[in-house]
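What follows is the content of protein.pdb (PDB, C-alpha atoms).
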ATOM      1  CA  MET A   1      97.238  88.490  87.262
ATOM      2  CA  THR A   2      97.141  89.607  83.641
ATOM      3  CA  ILE A   3      99.867  91.718  82.108
ATOM      4  CA  GLN A   4      97.500  94.688  82.050
ATOM      5  CA  GLU A   5      96.589  94.184  85.727
ATOM      6  CA  GLN A   6     100.282  93.959  86.552
ATOM      7  CA  ARG A   7     101.011  97.205  84.740
ATOM      8  CA  THR A   8      98.110  98.925  86.487
ATOM      9  CA  ALA A   9      99.227  97.632  89.893
ATOM     10  CA  ASP A  10     102.727  98.893  89.251
ATOM     11  CA  HIS A  11     101.684 102.409  88.464
ATOM     12  CA  ASP A  12     103.161 105.122  90.652
ATOM     13  CA  GLU A  13     103.631 103.112  93.824
ATOM     14  CA  ASP A  14     106.662 104.059  95.917
ATOM     15  CA  VAL A  15     108.274 100.811  97.091
ATOM     16  CA  VAL A  16     111.383 102.337  98.686
ATOM     17  CA  THR A  17     111.655 102.502 102.491
ATOM     18  CA  GLU A  18     114.536 104.666 103.604
ATOM     19  CA  LEU A  19     116.119 103.584 106.869
ATOM     20  CA  SER A  20     118.390 105.587 109.121
ATOM     21  CA  GLU A  21     121.817 104.121 109.699
ATOM     22  CA  GLU A  22     120.721 102.974 113.147
ATOM     23  CA  GLU A  23     117.518 101.384 111.812
ATOM     24  CA  PHE A  24     119.433  99.616 109.045
ATOM     25  CA  ARG A  25     122.015  98.316 111.488
ATOM     26  CA  GLU A  26     119.342  97.087 113.903
ATOM     27  CA  ALA A  27     117.406  95.335 111.121
ATOM     28  CA  ALA A  28     120.585  93.792 109.699
ATOM     29  CA  TYR A  29     121.654  92.411 113.093
ATOM     30  CA  ALA A  30     118.152  91.000 113.668
ATOM     31  CA  ALA A  31     118.358  89.220 110.299
ATOM     32  CA  LEU A  32     121.804  87.880 111.207
ATOM     33  CA  ASP A  33     120.440  86.649 114.555
ATOM     34  CA  ARG A  34     117.694  84.734 112.759
ATOM     35  CA  LEU A  35     120.405  82.874 110.831
ATOM     36  CA  GLY A  36     122.608  82.441 113.902
ATOM     37  CA  LEU A  37     125.438  84.412 112.325
ATOM     38  CA  THR A  38     127.550  87.437 113.119
ATOM     39  CA  TYR A  39     128.386  90.021 110.477
ATOM     40  CA  THR A  40     132.034  89.004 110.690
ATOM     41  CA  GLN A  41     131.118  85.374 109.963
ATOM     42  CA  LEU A  42     128.931  86.397 107.027
ATOM     43  CA  ARG A  43     131.654  88.644 105.626
ATOM     44  CA  ASP A  44     134.165  85.809 105.943
ATOM     45  CA  MET A  45     131.805  83.457 104.084
ATOM     46  CA  ALA A  46     131.482  86.072 101.347
ATOM     47  CA  ARG A  47     135.252  86.427 101.123
ATOM     48  CA  ARG A  48     135.587  82.655 100.683
ATOM     49  CA  ARG A  49     132.438  82.490  98.520
ATOM     50  CA  ASP A  50     131.346  79.604 100.697
ATOM     51  CA  PHE A  51     128.090  80.362 102.472
ATOM     52  CA  SER A  52     126.524  78.101 105.088
ATOM     53  CA  SER A  53     123.150  78.391 103.344
ATOM     54  CA  ALA A  54     121.410  80.084 100.449
ATOM     55  CA  GLN A  55     119.665  82.250 103.044
ATOM     56  CA  ALA A  56     123.037  83.529 104.254
ATOM     57  CA  GLN A  57     124.070  84.295 100.690
ATOM     58  CA  SER A  58     120.815  86.123 100.045
ATOM     59  CA  LEU A  59     121.314  88.176 103.207
ATOM     60  CA  TRP A  60     124.827  89.087 102.049
ATOM     61  CA  VAL A  61     123.302  90.539  98.886
ATOM     62  CA  THR A  62     121.079  92.742 101.022
ATOM     63  CA  ILE A  63     123.454  93.907 103.740
ATOM     64  CA  GLY A  64     126.917  93.007 102.420
ATOM     65  CA  GLY A  65     129.219  95.979 102.709
ATOM     66  CA  ALA A  66     126.524  98.132 104.294
ATOM     67  CA  LEU A  67     127.809  97.790 107.827
ATOM     68  CA  ASP A  68     131.315  98.630 106.620
ATOM     69  CA  LEU A  69     130.253 101.862 104.962
TER
ATOM     70  CA  MET B   1     118.896 111.355 102.379
ATOM     71  CA  ILE B   2     117.754 109.651  99.192
ATOM     72  CA  SER B   3     117.129 112.132  96.390
ATOM     73  CA  ASP B   4     113.889 112.033  94.419
ATOM     74  CA  LYS B   5     115.881 111.100  91.328
ATOM     75  CA  LEU B   6     117.462 108.045  92.969
ATOM     76  CA  ARG B   7     114.161 107.052  94.539
ATOM     77  CA  ASP B   8     112.468 107.271  91.137
ATOM     78  CA  ARG B   9     115.176 105.199  89.488
ATOM     79  CA  THR B  10     114.967 102.539  92.191
ATOM     80  CA  ASN B  11     111.175 102.450  91.954
ATOM     81  CA  LYS B  12     111.452 102.045  88.188
ATOM     82  CA  PHE B  13     113.977  99.227  88.533
ATOM     83  CA  ALA B  14     111.831  97.456  91.162
ATOM     84  CA  LYS B  15     108.747  97.684  88.984
ATOM     85  CA  GLU B  16     110.589  96.378  85.947
ATOM     86  CA  ILE B  17     111.772  93.312  87.889
ATOM     87  CA  GLN B  18     108.322  92.811  89.375
ATOM     88  CA  ALA B  19     106.596  93.046  85.991
ATOM     89  CA  LEU B  20     109.170  90.760  84.409
ATOM     90  CA  LEU B  21     108.502  88.029  86.980
ATOM     91  CA  ASN B  22     104.712  88.454  87.105
ATOM     92  CA  CYS B  23     104.390  88.473  83.328
ATOM     93  CA  THR B  24     106.517  85.364  82.737
ATOM     94  CA  ILE B  25     106.793  82.704  85.464
ATOM     95  CA  ALA B  26     105.355  84.027  88.725
ATOM     96  CA  SER B  27     102.306  85.682  90.264
ATOM     97  CA  HIS B  28     101.729  88.329  92.891
ATOM     98  CA  VAL B  29     105.401  89.239  93.199
ATOM     99  CA  GLN B  30     105.880  92.523  95.054
ATOM    100  CA  VAL B  31     109.403  93.880  94.792
ATOM    101  CA  LYS B  32     110.198  96.233  97.662
ATOM    102  CA  ALA B  33     113.360  98.080  98.602
ATOM    103  CA  VAL B  34     115.098  99.369 101.694
ATOM    104  CA  ALA B  35     117.510 102.239 101.303
ATOM    105  CA  LEU B  36     120.481 103.444 103.302
ATOM    106  CA  SER B  37     122.383 106.720 102.979
ATOM    107  CA  LYS B  38     125.811 107.165 104.446
ATOM    108  CA  GLY B  39     128.000 110.091 103.498
ATOM    109  CA  ASP B  40     127.789 110.388  99.733
ATOM    110  CA  ASP B  41     127.088 106.669  99.241
ATOM    111  CA  ARG B  42     123.631 105.182  98.733
ATOM    112  CA  LEU B  43     122.575 101.556  98.999
ATOM    113  CA  PHE B  44     119.292  99.968  97.925
ATOM    114  CA  ALA B  45     118.400  96.346  98.696
ATOM    115  CA  LEU B  46     115.568  94.937  96.607
ATOM    116  CA  GLY B  47     113.566  91.732  96.582
ATOM    117  CA  HIS B  48     110.129  90.174  96.886
ATOM    118  CA  LEU B  49     108.502  91.541 100.076
ATOM    119  CA  LEU B  50     111.851  92.777 101.344
ATOM    120  CA  ASP B  51     111.434  95.223 104.196
ATOM    121  CA  LYS B  52     113.161  96.177 107.425
ATOM    122  CA  ASN B  53     111.502  93.258 109.232
ATOM    123  CA  THR B  54     112.870  90.648 106.826
ATOM    124  CA  MET B  55     115.976  92.299 105.335
ATOM    125  CA  THR B  56     116.049  89.454 102.805
ATOM    126  CA  ALA B  57     114.041  88.826  99.689
ATOM    127  CA  GLN B  58     111.288  86.286 100.231
ATOM    128  CA  ARG B  59     111.268  83.412  97.774
ATOM    129  CA  LEU B  60     108.637  83.507  95.102
ATOM    130  CA  ARG B  61     106.687  80.445  94.126
ATOM    131  CA  LEU B  62     107.010  79.143  90.576
ATOM    132  CA  ARG B  63     104.689  76.761  88.757
ATOM    133  CA  PRO B  64     106.667  73.618  87.890
ATOM    134  CA  CYS B  65     105.766  71.760  84.713
ATOM    135  CA  LEU B  66     105.594  68.586  86.766
ATOM    136  CA  GLU B  67     102.501  68.617  88.946
ATOM    137  CA  ARG B  68     102.783  68.046  92.677
ATOM    138  CA  SER B  69     106.337  69.360  92.764
ATOM    139  CA  GLU B  70     107.514  72.682  94.153
ATOM    140  CA  LEU B  71     109.956  75.267  92.914
ATOM    141  CA  TRP B  72     110.836  78.551  94.561
ATOM    142  CA  MET B  73     113.057  81.358  93.395
ATOM    143  CA  ASP B  74     115.157  83.910  95.255
ATOM    144  CA  VAL B  75     115.731  87.147  93.331
ATOM    145  CA  SER B  76     117.816  89.660  95.266
ATOM    146  CA  PHE B  77     119.608  92.831  94.251
ATOM    147  CA  GLN B  78     121.818  95.410  95.923
ATOM    148  CA  LEU B  79     122.138  98.682  94.023
ATOM    149  CA  ARG B  80     124.863 101.230  94.794
ATOM    150  CA  LEU B  81     126.097 104.448  93.262
ATOM    151  CA  ASP B  82     129.147 104.196  91.028
ATOM    152  CA  ALA B  83     132.521 105.698  91.985
ATOM    153  CA  GLU B  84     131.546 109.060  90.480
ATOM    154  CA  ARG B  85     128.305 108.978  92.527
ATOM    155  CA  GLU B  86     126.364 109.557  89.329
ATOM    156  CA  HIS B  87     124.892 106.272  88.162
ATOM    157  CA  LEU B  88     123.013 103.631  90.093
ATOM    158  CA  MET B  89     124.396 100.181  89.345
ATOM    159  CA  VAL B  90     123.785  96.609  90.396
ATOM    160  CA  HIS B  91     126.452  95.930  93.008
ATOM    161  CA  LYS B  92     125.310  92.447  93.977
ATOM    162  CA  SER B  93     122.646  90.064  92.727
ATOM    163  CA  PHE B  94     121.509  86.549  93.487
ATOM    164  CA  PHE B  95     119.120  84.405  91.447
ATOM    165  CA  GLY B  96     118.583  80.960  92.973
ATOM    166  CA  VAL B  97     116.087  78.149  92.406
ATOM    167  CA  PHE B  98     115.052  75.885  95.275
ATOM    168  CA  GLY B  99     112.710  72.993  95.975
ATOM    169  CA  GLY B 100     111.249  74.555  99.112
ATOM    170  CA  GLN B 101     110.654  77.954 100.630
ATOM    171  CA  GLN B 102     113.215  77.353 103.384
ATOM    172  CA  ASP B 103     115.652  74.963 101.699
ATOM    173  CA  LYS B 104     119.312  75.762 102.235
ATOM    174  CA  ARG B 105     120.336  74.134  98.941
ATOM    175  CA  GLY B 106     118.492  73.954  95.656
ATOM    176  CA  LEU B 107     119.102  73.414  91.949
ATOM    177  CA  PHE B 108     121.501  76.233  91.188
ATOM    178  CA  HIS B 109     122.166  79.919  91.712
ATOM    179  CA  TYR B 110     123.723  82.764  89.777
ATOM    180  CA  ASP B 111     125.676  85.144  91.959
ATOM    181  CA  TYR B 112     127.191  88.498  91.088
ATOM    182  CA  GLU B 113     129.334  90.721  93.266
ATOM    183  CA  ARG B 114     131.006  93.629  91.597
ATOM    184  CA  ASP B 115     134.792  93.996  91.807
ATOM    185  CA  LYS B 116     135.541  91.148  94.145
ATOM    186  CA  ALA B 117     139.203  91.241  95.128
ATOM    187  CA  ASP B 118     139.757  87.604  96.063
ATOM    188  CA  GLY B 119     140.160  85.931  92.685
ATOM    189  CA  TYR B 120     136.648  84.501  92.398
ATOM    190  CA  PRO B 121     134.766  85.578  89.282
ATOM    191  CA  ASP B 122     132.487  88.573  89.848
ATOM    192  CA  ALA B 123     129.666  86.702  88.147
ATOM    193  CA  HIS B 124     129.405  82.983  88.606
ATOM    194  CA  LEU B 125     127.111  79.981  88.574
ATOM    195  CA  GLN B 126     126.995  77.328  91.274
ATOM    196  CA  VAL B 127     125.121  74.075  90.727
ATOM    197  CA  TYR B 128     123.934  72.090  93.729
ATOM    198  CA  ALA B 129     125.094  68.752  92.322
ATOM    199  CA  ASP B 130     127.646  65.998  92.790
ATOM    200  CA  SER B 131     130.247  64.758  90.342
ATOM    201  CA  GLY B 132     132.163  61.527  90.712
ATOM    202  CA  LEU B 133     134.796  62.821  88.321
ATOM    203  CA  PHE B 134     135.236  65.989  90.343
ATOM    204  CA  ASP B 135     135.602  63.930  93.530
ATOM    205  CA  ARG B 136     138.394  61.978  91.834
ATOM    206  CA  VAL B 137     140.301  65.026  90.558
ATOM    207  CA  ASN B 138     139.842  67.271  93.608
ATOM    208  CA  ASN B 139     143.076  67.349  95.587
ATOM    209  CA  PRO B 140     142.301  66.329  99.189
ATOM    210  CA  LYS B 141     145.586  67.836 100.393
ATOM    211  CA  THR B 142     144.685  71.363  99.293
ATOM    212  CA  ASP B 143     140.878  71.203  99.022
ATOM    213  CA  GLY B 144     139.762  68.335 101.204
ATOM    214  CA  GLY B 145     136.003  68.080 101.581
ATOM    215  CA  ARG B 146     135.297  70.437  98.702
ATOM    216  CA  SER B 147     132.266  69.439  96.661
ATOM    217  CA  PHE B 148     131.287  70.059  93.058
ATOM    218  CA  ALA B 149     128.582  72.421  94.333
ATOM    219  CA  GLN B 150     131.296  74.717  95.678
ATOM    220  CA  LEU B 151     132.790  75.391  92.243
ATOM    221  CA  HIS B 152     132.237  78.891  90.860
ATOM    222  CA  PHE B 153     131.680  78.705  87.105
ATOM    223  CA  PRO B 154     132.439  82.088  85.494
ATOM    224  CA  VAL B 155     129.573  83.530  83.481
ATOM    225  CA  GLY B 156     130.714  86.524  81.503
ATOM    226  CA  GLY B 157     131.973  89.039  84.037
ATOM    227  CA  LYS B 158     130.270  92.245  85.084
ATOM    228  CA  ARG B 159     129.512  93.485  81.584
ATOM    229  CA  PHE B 160     128.368  90.309  79.889
ATOM    230  CA  ARG B 161     126.867  88.296  82.710
ATOM    231  CA  PRO B 162     123.493  86.619  82.257
ATOM    232  CA  CYS B 163     120.527  88.764  83.192
ATOM    233  CA  LEU B 164     117.412  87.675  85.048
ATOM    234  CA  GLU B 165     115.649  87.256  81.704
ATOM    235  CA  ASP B 166     118.232  84.619  80.710
ATOM    236  CA  VAL B 167     117.632  82.628  83.891
ATOM    237  CA  ILE B 168     113.850  82.814  83.455
ATOM    238  CA  GLU B 169     114.199  81.675  79.853
ATOM    239  CA  PHE B 170     116.407  78.779  80.933
ATOM    240  CA  LEU B 171     113.745  77.570  83.384
ATOM    241  CA  ILE B 172     111.091  77.744  80.670
ATOM    242  CA  VAL B 173     112.930  76.218  77.726
ATOM    243  CA  GLU B 174     114.267  73.385  79.891
ATOM    244  CA  ARG B 175     110.619  72.624  80.767
ATOM    245  CA  LEU B 176     111.083  73.119  84.488
ATOM    246  CA  VAL B 177     108.452  75.833  84.976
ATOM    247  CA  GLN B 178     105.263  76.910  83.261
ATOM    248  CA  ALA B 179     105.298  80.237  81.475
ATOM    249  CA  ARG B 180     102.630  82.769  80.676
ATOM    250  CA  ASP B 181     101.521  83.392  77.105
ATOM    251  CA  ASP B 182     103.727  85.779  75.163
ATOM    252  CA  TYR B 183     106.547  85.485  77.682
ATOM    253  CA  GLU B 184     109.041  85.689  74.813
ATOM    254  CA  LYS B 185     108.221  89.344  74.070
ATOM    255  CA  ILE B 186     108.621  90.314  77.719
ATOM    256  CA  LEU B 187     111.967  88.551  77.989
ATOM    257  CA  GLU B 188     113.302  89.990  74.766
ATOM    258  CA  ALA B 189     112.346  93.556  75.683
ATOM    259  CA  GLY B 190     113.941  93.229  79.118
ATOM    260  CA  ARG B 191     117.079  91.596  77.777
ATOM    261  CA  GLU B 192     117.473  94.269  75.136
ATOM    262  CA  GLY B 193     117.303  96.951  77.829
ATOM    263  CA  PHE B 194     119.828  95.151  80.028
ATOM    264  CA  ARG B 195     122.303  94.671  77.208
ATOM    265  CA  ARG B 196     121.997  98.266  76.077
ATOM    266  CA  ASN B 197     122.647  99.503  79.602
ATOM    267  CA  GLN B 198     125.691  97.239  79.845
ATOM    268  CA  LEU B 199     126.968  98.480  76.508
ATOM    269  CA  LEU B 200     126.507 102.113  77.527
ATOM    270  CA  ALA B 201     128.351 101.454  80.787
ATOM    271  CA  ALA B 202     131.192  99.784  78.892
ATOM    272  CA  MET B 203     131.393 102.760  76.513
ATOM    273  CA  ARG B 204     131.413 105.189  79.417
ATOM    274  CA  ARG B 205     134.344 103.318  80.975
ATOM    275  CA  ASP B 206     136.296 103.012  77.724
ATOM    276  CA  PRO B 207     136.017 106.191  75.628
ATOM    277  CA  GLY B 208     139.142 105.153  73.703
ATOM    278  CA  ALA B 209     137.329 102.100  72.376
ATOM    279  CA  VAL B 210     134.355 104.272  71.404
ATOM    280  CA  GLU B 211     136.653 106.647  69.504
ATOM    281  CA  MET B 212     138.351 103.713  67.772
ATOM    282  CA  PHE B 213     134.957 102.306  66.779
ATOM    283  CA  MET B 214     133.810 105.651  65.372
ATOM    284  CA  GLN B 215     137.016 106.070  63.354
ATOM    285  CA  ARG B 216     136.887 102.524  62.025
ATOM    286  CA  TYR B 217     133.304 102.852  60.821
ATOM    287  CA  GLY B 218     133.555 106.482  59.720
ATOM    288  CA  ILE B 219     131.048 107.772  62.237
ATOM    289  CA  PRO B 220     131.369 111.565  62.629
ATOM    290  CA  GLY B 221     132.067 112.781  66.175
ATOM    291  CA  GLU B 222     130.270 115.491  68.111
ATOM    292  CA  ASN B 223     132.614 118.189  66.791
ATOM    293  CA  ALA B 224     132.627 117.025  63.166
TER
END
Using the file provided, produce a representation of the structure as structure tokens.
Amino acid sequence: MTIQEQRTADHDEDVVTELSEEEFREAAYAALDRLGLTYTQLRDMARRRDFSSAQAQSLWVTIGGALDL
Amino acid sequence: MISDKLRDRTNKFAKEIQALLNCTIASHVQVKAVALSKGDDRLFALGHLLDKNTMTAQRLRLRPCLERSELWMDVSFQLRLDAEREHLMVHKSFFGVFGGQQDKRGLFHYDYERDKADGYPDAHLQVYADSGLFDRVNNPKTDGGRSFAQLHFPVGGKRFRPCLEDVIEFLIVERLVQARDDYEKILEAGREGFRRNQLLAAMRRDPGAVEMFMQRYGIPGENA
């Protein structure tokens, strides 16, 4: 992909999907299930900055704090 | 509900990250975002092909300089509104480099989490490596089993942390990944924007320092 193609592809596309609180929660718990973790375990890993995997750390970036809002 | 203004700003941010990656070290990156509103707070999670079915950024494939090897990168962001609910800011970010799409450990990662309260640096680097010296100096009574890879090297705090452009540049100049032509201009433009935003945020948080600067250098104020 050239720089020009990239700029053209980027133009005016809406990439944001807004989820309801229930949808977000459901999607977050499904992602936690795939990693075999609970939110409490993930939050504890974040508190200790000691994640069981890079995937868990990446998921914390996405959902960390969201379920506590 | 997400306002049009916040949606526009998130779209702009996503497209900047996408263009940065596609114009330097990656191809066909599609940065997507999911958004959550609760009360007056707003949260946006962004990453390559991130949607409600994945809820995590998918790793993007890089082109290593050494043929027949693999490198993958995780680029994830969480944006939130600031305390005044005015400005969208990066609340968390993660830039990691891995040898496989599903590997649990890789080369290194940069991690940022704003205003952590537990003593760890907000912005830090972790290197997936071993050190004989560290193993000898690590106290087994207080930190038994801790490895070098678990150390959190501070990298400048929330205002002066490395940006994604710095990590991309590191991968290129250390001859780990192939870069596109003219990558330098893309990186410099992005880095300039990041640093200016950080400077503006620092000024917003410290008007006394701004006033001191203006007095010291004889810059007339708004009411002069």
List, as a PDB file with C-alpha atoms, in the frame of the given file, every residue that the PyMOL selection byres ((chain B) within 8 of (chain A)) selects in the file provided.
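So the final result, stored in selection36.pdb, reads:
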ATOM      1  CA  ILE B   2     117.754 109.651  99.192  1.00  0.00           C
ATOM      2  CA  ARG B   7     114.161 107.052  94.539  1.00  0.00           C
ATOM      3  CA  THR B  10     114.967 102.539  92.191  1.00  0.00           C
ATOM      4  CA  ASN B  11     111.175 102.450  91.954  1.00  0.00           C
ATOM      5  CA  ALA B  14     111.831  97.456  91.162  1.00  0.00           C
ATOM      6  CA  LYS B  15     108.747  97.684  88.984  1.00  0.00           C
ATOM      7  CA  ALA B  19     106.596  93.046  85.991  1.00  0.00           C
ATOM      8  CA  ASN B  22     104.712  88.454  87.105  1.00  0.00           C
ATOM      9  CA  CYS B  23     104.390  88.473  83.328  1.00  0.00           C
ATOM     10  CA  SER B  27     102.306  85.682  90.264  1.00  0.00           C
ATOM     11  CA  HIS B  28     101.729  88.329  92.891  1.00  0.00           C
ATOM     12  CA  VAL B  31     109.403  93.880  94.792  1.00  0.00           C
ATOM     13  CA  LYS B  32     110.198  96.233  97.662  1.00  0.00           C
ATOM     14  CA  ALA B  33     113.360  98.080  98.602  1.00  0.00           C
ATOM     15  CA  VAL B  34     115.098  99.369 101.694  1.00  0.00           C
ATOM     16  CA  ALA B  35     117.510 102.239 101.303  1.00  0.00           C
ATOM     17  CA  LEU B  36     120.481 103.444 103.302  1.00  0.00           C
ATOM     18  CA  SER B  37     122.383 106.720 102.979  1.00  0.00           C
ATOM     19  CA  LYS B  38     125.811 107.165 104.446  1.00  0.00           C
ATOM     20  CA  LEU B  43     122.575 101.556  98.999  1.00  0.00           C
ATOM     21  CA  ALA B  45     118.400  96.346  98.696  1.00  0.00           C
ATOM     22  CA  LEU B  46     115.568  94.937  96.607  1.00  0.00           C
ATOM     23  CA  ASP B  51     111.434  95.223 104.196  1.00  0.00           C
ATOM     24  CA  LYS B  52     113.161  96.177 107.425  1.00  0.00           C
ATOM     25  CA  ASN B  53     111.502  93.258 109.232  1.00  0.00           C
ATOM     26  CA  THR B  54     112.870  90.648 106.826  1.00  0.00           C
ATOM     27  CA  MET B  55     115.976  92.299 105.335  1.00  0.00           C
ATOM     28  CA  THR B  56     116.049  89.454 102.805  1.00  0.00           C
ATOM     29  CA  ALA B  57     114.041  88.826  99.689  1.00  0.00           C
ATOM     30  CA  ASP B  74     115.157  83.910  95.255  1.00  0.00           C
ATOM     31  CA  SER B  76     117.816  89.660  95.266  1.00  0.00           C
ATOM     32  CA  PHE B  77     119.608  92.831  94.251  1.00  0.00           C
ATOM     33  CA  GLN B  78     121.818  95.410  95.923  1.00  0.00           C
ATOM     34  CA  LYS B  92     125.310  92.447  93.977  1.00  0.00           C
ATOM     35  CA  SER B  93     122.646  90.064  92.727  1.00  0.00           C
ATOM     36  CA  PHE B  94     121.509  86.549  93.487  1.00  0.00           C
ATOM     37  CA  ASP B 103     115.652  74.963 101.699  1.00  0.00           C
ATOM     38  CA  LYS B 104     119.312  75.762 102.235  1.00  0.00           C
ATOM     39  CA  ARG B 105     120.336  74.134  98.941  1.00  0.00           C
ATOM     40  CA  ASP B 118     139.757  87.604  96.063  1.00  0.00           C
ATOM     41  CA  TYR B 120     136.648  84.501  92.398  1.00  0.00           C
ATOM     42  CA  GLN B 150     131.296  74.717  95.678  1.00  0.00           C
TER      43      GLN B 150
END
Provide the atom CA of B:Val127 to atom CA of B:Ser147 distance in Å, to one decimal place.
->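 Atom-to-atom, atom CA of B:Val127 to atom CA of B:Ser147, that is 10.4 Å.
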Rank nothing, just name the residue among B:Asp41, B:Glu192, B:Leu20, B:Arg175 nearest to B:Ala83, using only C-alpha atoms.
->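 Of B:Asp41, B:Glu192, B:Leu20, B:Arg175, the one nearest B:Ala83 is B:Asp41, counting only C-alpha atoms.
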Shortest interatomic distance to B:Arg191 - which of B:Leu6, B:Val137, B:Ile17, B:Leu81, counting all atoms listed in the file | B:Ile17
For B:Tyr110, work out the shell of residues within 7 Å, counting all atoms listed in the file and skipping chain neighbours fewer than 4 positions away, then give it as a PyMOL selection string.
-> chain B and resi 94-96+124-126
Using atom CA of B:Ala117 and atom CA of A:Arg43 as the two end points, give the distance in Å to one decimal.
->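 Computing it gives 13.2 Å between the two atoms.
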Specify the axis-aligned box that encloses all atoms of stretch 51-64 of chain A listed in the file after padding of 8 Å on each side, stating its centre and edge lengths in Å to one decimal as JSON.
{"center_x": 123.9, "center_y": 86.0, "center_z": 102.0, "size_x": 24.4, "size_y": 31.8, "size_z": 22.2}
May I ask for the distance between atom CA of B:Val90 and atom CA of B:Asp4, given in Å to one decimal place?
->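 These atoms are spaced 18.8 Å apart.
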Any chance you could work out the residue set of the PyMOL selection byres ((chain B and resi 183) around 10) here, as a ChimeraX atom specification?
-> /B:20-21,23-25,168-169,172,179-182,184-188
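The neighbours of B:Gly156 here are the residues that come within 9 Å of it, using only C-alpha atoms and leaving out any residue fewer than 2 positions away in the same chain; they are B:Pro121, B:Asp122, B:Ala123, B:His124, B:Pro154, B:Lys158, B:Arg159, B:Phe160, B:Arg161, B:Pro162.
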Would you put the residues from that selection into a file with C-alpha atoms, as a compact mmCIF listing (two decimals), in the frame of the given file?
# COMPACT_ATOMS: atom_id res chain seq x y z
CA PRO B 121 134.77 85.58 89.28
CA ASP B 122 132.49 88.57 89.85
CA ALA B 123 129.67 86.70 88.15
CA HIS B 124 129.40 82.98 88.61
CA PRO B 154 132.44 82.09 85.49
CA LYS B 158 130.27 92.24 85.08
CA ARG B 159 129.51 93.48 81.58
CA PHE B 160 128.37 90.31 79.89
CA ARG B 161 126.87 88.30 82.71
CA PRO B 162 123.49 86.62 82.26
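Once stretch 203-209 of chain B and its same-chain neighbours fewer than 2 positions away are set aside, Asp82, Ala83, Glu84, Glu86, His87, Arg159, Arg196, Asn197, Gln198, Leu199, Leu200, Ala201, Glu211, Met212, Phe213, Met214, Gln215 and Arg216 of chain B remain within 12 Å of it when counting all atoms listed in the file.
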For B:Cys65, work out the shell of residues within 6 Å, counting all atoms listed in the file and skipping chain neighbours fewer than 2 positions away, then give it as a list in words.
->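 Those residues are Leu176, Val177 and Gln178 of chain B.
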Distance criterion (all atoms listed in the file): nearest to B:Phe153 out of B:Phe170, B:Phe108, B:Phe98, B:Phe194 =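 So, comparing all the options, the nearest one is B:Phe108.
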